[in-house]
Structure formats: structure tokens, C-alpha cells
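*Asks:* Following this message is one structure expressed as C-alpha cells.
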Amino acid sequence: MMQKSQPKVYFKLRNQEMLDEIRSVLNVISSWMAMPLFFLFWIVDIISYPDLKWPFLFIRFLIIPVSLITTRLANKVNEARRVQKIALFYLFSMGGGINLMILMINDPGTAYYAGLNLIAIGGLFFIPFSKKYFLLTTIGIYLPYYLITGYQLIGKPNSWSQWLSNSFFVLASIVICYLIRIFNESLRIREVNSRMQLKSELDSREEIIRVQTDEAVRLRNLSTQFSPQIVESIRSGNLKLESTGQRAEICAIFIDIVNSTERVTRIDKDKVDRVLTKFLEDSIKILLKYDITIDKFLGDGILAFCNAPFKRIDYASRVIKAALEIRERVQLDDEFYEKNWDGPLTLRMGIARGFVNVGFYGSKKYYQSYTAIGPVVNLASRLCSSAEPGQIVMENDVYEMVANEFHTEFLGKRILKGFERDIVQVYRIISSKDMSEKSGANITECPTCGGILSLETNIQGQFIFMCRACSTVIDTTSHHVKNPSIKKIA
């Protein structure tokens, strides 16, 4: 029995559940069970009523077209109410055949009522009728029987006892079917609820997987657009694409290839591609190793900055160390550049420090870039333009932070384009005072997973390289791979 307290989800699914189940039952009882069983009982007809065996066989043969019509209609409809009507028609037809036989026998105490019980049990037991159709089916099967036998009892008082006995079994069959119906409905509710709970859990897992997959795809797409530091900050939740620009103090570096325009116009395109690819790939690895955020590529130039989005106490010295290492890497690959660049590849770099607005700028709908906006970026570019080939130059604010760490040379005071109101003190960076740092100059890729290494310090304050992807740690002095406790510079 359907109770008002049944979950709403049960009623939402009941139409499809009932439709599928009734179709399956009708396909079974109309082919595998009903027709063979109907014809098997013709043996009883021959034994019990031999004079009626041929009319009874004809009645039994009628079940064949009824079964074919029933299965065809049931497989075409897509509504539980309509398929219940088809099942009702099928059981009425089967019950009608038995009631016709009882009418022809003209014996109210005949045992053929048992055939109606079999039809009732087969239909009401297996077919998940609603309460309304359960009642209609019961009436449709048994009402003609009682009308026929009631008429036959007139003038046959001796048949009352057998008729009452038959009625007892009829009533018992109805009660049993009804109780089984309640039990089956309870099981169906539990099954549907269990399935819905499982479906809910699977949907929840699928949603989690979808969100995580979308996030992974989003981060993978972002990794081709932004520096790894940006992607890492987005992944950790410290930075959002919707974030507006924030004030930050950074150290910016501008790297440019000397006379690149002239070389590009006279060198084979494939050689140009090879040179620029190698230069940019080597430079990117080194910049990322020192946690320097790459702002943009400007043809053959690179604009980058340190101290955003990750904060670093030694952000200025990191930029200078990266600049020295990039220059050293180019010098070590001199043979490659001589062959493909028709001469040595010469760089010049400008480094400046100051406050900027840093964040995502552009169109949220079309394209955004994580960039730094402020005079210090332009100053780094102007310093780069003023540098001689092979020079790394910086302004006074950077020099004051790193004077004790690097060998420098004062180049004098200059007036730079765009900064005519300011006299800029310019210094040339020669080398690092700590020569041991060169021992890690060629370490850029993780030997375990191939990821880019990042410069960190351990708990003893010693410099090490760490891979953010797999946490592999490399000692900068011995190049020994290990996993000590990490203390990042904040």
C-alpha cells in the first residue's frame, strides 16, 4: 500500500519504475507462462467436461491474439497509467475466458473458480498495480464469477455449501495478494530509496570529480598563460582571478638581446627559432628557480619581477642572482649561439625596485594578464636600454639592498627617458661575492620528475633547491638529493 509518508523521490521515480516492471511481467506471463499453462489445462477440460472440450479449446485459443496485442501495446506506451490499463485488459480477458467456461458448465460449485484464483495471484502478485487498479482488477476478475454463479444458484439450494467454500478460497486469494502487494510495495520503496541514495552518492562523487577535473583543466590552462607562482597561488586559494590590483614592492628586471632586430632580418628563420627557443627556455627555468614571476615576453625580451605573488625577504638579490646565472648560461652555450646566431648572443639587463600595482588586468570576458603596473617597470626597461652589451645594471634603490652581496661598479648619474625629473644613479653588477653560489648555477630541473626547481633555505639557513611538484630537495653544495625539513623564505 502506498503511504502518504513515502518519500517524494519514490513518487517521482514510480512512473518509470512501474512502467518498466509491468512491461517485463506482461512479456513473461503472456508468453512463457500464461499460454502454455492455459493449454495444459485443456487436459482437465477433456477429463472433466468432454462434451465441452472443443468449445473450451476455442476459448483457450483466444488467449493467443490477446497476448500478442497486450505485449505489443505495452512495449509502445510510455506512461505507467496507460500500461496499467493494458495489464487490466489482459487480466480481464483471461478472467473472462474462465468465467465463460463457468457459465457454460452451469455449476455454481465447479472447481474452475480456481482458474480465476491463479489469474488473480499471477496478475495481482507480480504486476505492481496502484491501489486503484488493484481494486479494478480484483473486481474485473471476480465480479462476473459471482454474477454468473449467483444466477446459477437459483433453484439449486444444494450447491450453496460448495459455493461458500469456493468463496472462502477466493477471499483468501484476494487477501494474500493484497498482503503481498503491501510487502512488495514496502520493498520497492526501500529499493528505490537505496538506489536514490546510491545515485545521490554517485552524483555527489561525480560532482566532486567534475569540479576537481574542471579545476585541474583550469589550472592546466592557466599554467600556459601565467607563471607557475601565479597558478600555485590560485591553487592554494591565496590569489583569485577576480582579484583587483594590490600595492606591492617588487624588484623588476628587463632582459633584452642586443642587436636582435638586425640579426633576425639576415639569419635563416629556423636558426632564429632555435636560438630564441633555447634562450627563452633557459631563462625561464632560471627565473622560476629563483621564484621570479614572468610578466610578459616582448619579442626577444623578458619582463619579470620578484616579491609577488610570493613574498621574499631577499627578492632583490634573487633577481640579481637570476640575471648573473642567465648571462652565465648564455656564455656556456657560446658554441651553440655562434653556430645559429652568426656570432655570440649578447644580453643587456636593467633592474629596478619600487612600489607597483600588481594583479590581474584586462578583460574578464576575453583575456587577463597578471602584471605589474608602475614607474619601476618602465625604469627597469630604460635601464636596460641604457646598458652596454653584456652589462647588468641597477638603480640606487636596488644597490642599497644588495651592496654587501655583489661586486658592483658605479657608472654615474644618468637622465633616462621618461624620468627626466630624476637623476638616476646607475650601478653595474659584476659578480656575486659568495663564489660558492656558482655551484648551483646549472641546476634548474628536478632529477626526479623533471619539474622546475625553486631556491629555498633549510632549517640551518643553507640554500637548497626544492621541487614543488614532488618535494625533492637538492643540496646546493653537494648536489645530493635528499628530503630535509624545509623552511621557506617568507
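Order determines the names: the first chain of the C-alpha cells is A, the second B, and so forth; residues in each chain are numbered 1 upward, and ligands are numbered 1 upward as they are shown.
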Which residues come within 12 Å of segment 118-120 of chain A, counting only C-alpha atoms, excluding same-chain residues fewer than 3 positions away, as a PyMOL selection string?
*Replies:* chain A and resi 29-30+33-35+37-38+41+87-88+90-99+112-115+123-127+134-142+169-178
*Asks:* In segment 130-350 of chain A, what's helix (DSSP H, G or I) per DSSP? Answer as an MDAnalysis selection string?
*Replies:* chainID A and resid 131:152 157:223 228:236 260:266 269:289 315:332 334:341
*Asks:* Figure out the distance between atom CA of Gly350 of chain A and atom CA of Ser283 of chain A, please, to one decimal in Å.
*Replies:*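 Going from atom CA of Ser283 of chain A over to atom CA of Gly350 of chain A, I get 14.9 Å.
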*Asks:* Restricting the calculation to only C-alpha atoms, which member of A:Ile43, A:Ile392, A:Leu19, A:Leu116 is positioned closest to Lys85 of chain A?
*Replies:*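 Closest residue, counting only C-alpha atoms: A:Leu19.
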*Asks:* Name all residues at most 6 Å from Cys306 of chain A (count only C-alpha atoms; drop same-chain ones fewer than 4 positions away) and give them as a PDB file with C-alpha atoms, in the first residue's frame.
*Replies:*
ATOM      1  CA  ILE A 250      58.846  44.472  -6.225  1.00  0.00           C
ATOM      2  CA  CYS A 251      62.185  44.203  -7.951  1.00  0.00           C
ATOM      3  CA  ILE A 292      60.666  35.339 -10.111  1.00  0.00           C
ATOM      4  CA  THR A 293      57.285  35.909 -11.749  1.00  0.00           C
ATOM      5  CA  TYR A 315      63.709  39.439  -3.506  1.00  0.00           C
TER       6      TYR A 315
END
*Asks:* Would you pick out the contacts of segment 341-344 of chain A at 12 Å or less, using only C-alpha atoms, so that residues sharing its chain but fewer than 3 positions from it are not included, and give the list as a PyMOL selection string?
*Replies:* chain A and resi 257-276+278-279+327+330-338+347+389-390
*Asks:* Quick one: residues within 10 Å of Leu303 of chain A, only C-alpha atoms, excluding same-chain residues fewer than 6 positions away - as a list of chain:residue names?
*Replies:*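 Close residues of Leu303 of chain A: A:Ala252, A:Ile253, A:Phe254, A:Ile255, A:Asp256, A:Thr293, A:Ile294, A:Asp295, A:Lys296, A:Phe297, A:Met349, A:Gly350, A:Thr371, A:Ala372, A:Val377, A:Ala380, A:Ser381.
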*Asks:* Report the distance between atom CA of Leu280 of chain A and atom CA of Ile326 of chain A in Å, rounded to one decimal place.
*Replies:*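 Pair atom CA of Leu280 of chain A / atom CA of Ile326 of chain A returns 9.9 Å.
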*Asks:* Write out as a list in words the residues lying within 8 Å of segment 128-131 of chain A, counting only C-alpha atoms and excluding same-chain residues fewer than 4 positions away.
*Replies:* Met1, Met2, Met18, Glu21, Ile22, Gln84, Leu124, Leu135, Arg181 and Glu185 of chain A
*Asks:* Could you write those residues out with C-alpha atoms, as a PDB file, in the first residue's frame?
*Replies:*
ATOM      1  CA  MET A   1       0.000   0.000   0.000  1.00  0.00           C
ATOM      2  CA  MET A   2       1.243   3.489  -0.839  1.00  0.00           C
ATOM      3  CA  MET A  18       6.128   0.840 -12.671  1.00  0.00           C
ATOM      4  CA  GLU A  21       8.229  -3.586 -14.249  1.00  0.00           C
ATOM      5  CA  ILE A  22       4.761  -4.046 -15.766  1.00  0.00           C
ATOM      6  CA  GLN A  84      -1.756  -0.480 -16.119  1.00  0.00           C
ATOM      7  CA  LEU A 124      -2.031  -9.077  -8.625  1.00  0.00           C
ATOM      8  CA  LEU A 135      -9.174  -2.867  -6.904  1.00  0.00           C
ATOM      9  CA  ARG A 181       1.202  -6.187  -2.503  1.00  0.00           C
ATOM     10  CA  GLU A 185       5.468  -2.017  -2.161  1.00  0.00           C
TER      11      GLU A 185
END
*Asks:* For atom CA of Arg188 of chain A and atom CA of Phe89 of chain A, quote the distance in Å rounded to one decimal.
*Replies:* 24.4 Å
*Asks:* Against segment 157-167 of chain A, which residues of segment 37-116 of chain A fall within 9 Å? For each one I want the closest pair of atoms and the distance in Å (one decimal), counting only C-alpha atoms, rows by chain and increasing residue number, as CSV.
*Replies:*
residue,atom,partner,partner_atom,distance
A:Asp107,CA,A:Ser159,CA,8.1
A:Pro108,CA,A:Trp163,CA,6.1
A:Gly109,CA,A:Trp163,CA,4.9
A:Thr110,CA,A:Trp163,CA,8.1
A:Ala111,CA,A:Asn166,CA,7.7
A:Tyr113,CA,A:Asn166,CA,7.1
A:Ala114,CA,A:Asn166,CA,8.2
*Asks:* Residues as selected, C-alpha atoms, written as a CSV table (one decimal), in the first residue's frame, can you do that?
*Replies:*
chain,number,residue,atom,x,y,z
A,107,ASP,CA,-22.5,-25.5,-12.0
A,108,PRO,CA,-22.0,-22.8,-9.2
A,109,GLY,CA,-19.9,-25.2,-7.2
A,110,THR,CA,-17.4,-26.0,-10.1
A,111,ALA,CA,-13.8,-26.1,-9.2
A,113,TYR,CA,-13.1,-20.9,-10.0
A,114,ALA,CA,-9.5,-21.9,-9.1
*Asks:* Which parts of segment 129-370 of chain A does DSSP call strand (DSSP E) when run on the backbone here, written out as a PyMOL selection string?
*Replies:* chain A and resi 246-257+292-298+301-306+347-363+367-370
*Asks:* May I have the selected residues written with C-alpha atoms, as an mmCIF file, in the first residue's frame?
*Replies:*
data_model
loop_
_atom_site.group_PDB
_atom_site.id
_atom_site.type_symbol
_atom_site.label_atom_id
_atom_site.label_comp_id
_atom_site.auth_asym_id
_atom_site.auth_seq_id
_atom_site.Cartn_x
_atom_site.Cartn_y
_atom_site.Cartn_z
ATOM 1 C CA GLN A 246 47.169 45.354 -4.964
ATOM 2 C CA ARG A 247 50.029 47.536 -3.874
ATOM 3 C CA ALA A 248 53.321 45.686 -3.629
ATOM 4 C CA GLU A 249 57.033 46.416 -3.549
ATOM 5 C CA ILE A 250 58.846 44.472 -6.225
ATOM 6 C CA CYS A 251 62.185 44.203 -7.951
ATOM 7 C CA ALA A 252 61.685 44.241 -11.725
ATOM 8 C CA ILE A 253 64.113 43.001 -14.376
ATOM 9 C CA PHE A 254 64.093 43.644 -18.093
ATOM 10 C CA ILE A 255 66.216 41.358 -20.281
ATOM 11 C CA ASP A 256 66.977 42.169 -23.925
ATOM 12 C CA ILE A 257 69.078 40.589 -26.672
ATOM 13 C CA ILE A 292 60.666 35.339 -10.111
ATOM 14 C CA THR A 293 57.285 35.909 -11.749
ATOM 15 C CA ILE A 294 57.388 36.266 -15.509
ATOM 16 C CA ASP A 295 55.235 39.205 -16.531
ATOM 17 C CA LYS A 296 55.467 39.063 -20.309
ATOM 18 C CA PHE A 297 57.625 38.370 -23.343
ATOM 19 C CA LEU A 298 58.315 41.317 -25.624
ATOM 20 C CA GLY A 301 62.874 40.438 -24.363
ATOM 21 C CA ILE A 302 61.588 39.333 -20.978
ATOM 22 C CA LEU A 303 59.934 41.392 -18.252
ATOM 23 C CA ALA A 304 59.798 39.730 -14.839
ATOM 24 C CA PHE A 305 59.588 40.685 -11.184
ATOM 25 C CA CYS A 306 60.035 39.207 -7.724
ATOM 26 C CA LEU A 347 72.403 40.415 -23.400
ATOM 27 C CA ARG A 348 71.765 43.570 -21.502
ATOM 28 C CA MET A 349 69.587 43.820 -18.428
ATOM 29 C CA GLY A 350 68.056 46.534 -16.288
ATOM 30 C CA ILE A 351 66.934 46.067 -12.681
ATOM 31 C CA ALA A 352 64.832 48.475 -10.591
ATOM 32 C CA ARG A 353 62.977 48.369 -7.295
ATOM 33 C CA GLY A 354 59.817 50.153 -6.134
ATOM 34 C CA PHE A 355 56.095 50.049 -5.499
ATOM 35 C CA VAL A 356 53.602 48.988 -8.170
ATOM 36 C CA ASN A 357 50.029 47.831 -8.537
ATOM 37 C CA VAL A 358 50.182 44.117 -9.233
ATOM 38 C CA GLY A 359 47.294 41.789 -10.108
ATOM 39 C CA PHE A 360 45.058 40.579 -12.926
ATOM 40 C CA TYR A 361 44.395 43.227 -15.542
ATOM 41 C CA GLY A 362 42.461 43.038 -18.772
ATOM 42 C CA SER A 363 39.027 41.747 -19.718
ATOM 43 C CA TYR A 367 41.779 37.852 -21.664
ATOM 44 C CA GLN A 368 43.546 38.719 -18.433
ATOM 45 C CA SER A 369 47.190 39.018 -17.547
ATOM 46 C CA TYR A 370 48.883 39.041 -14.161
#
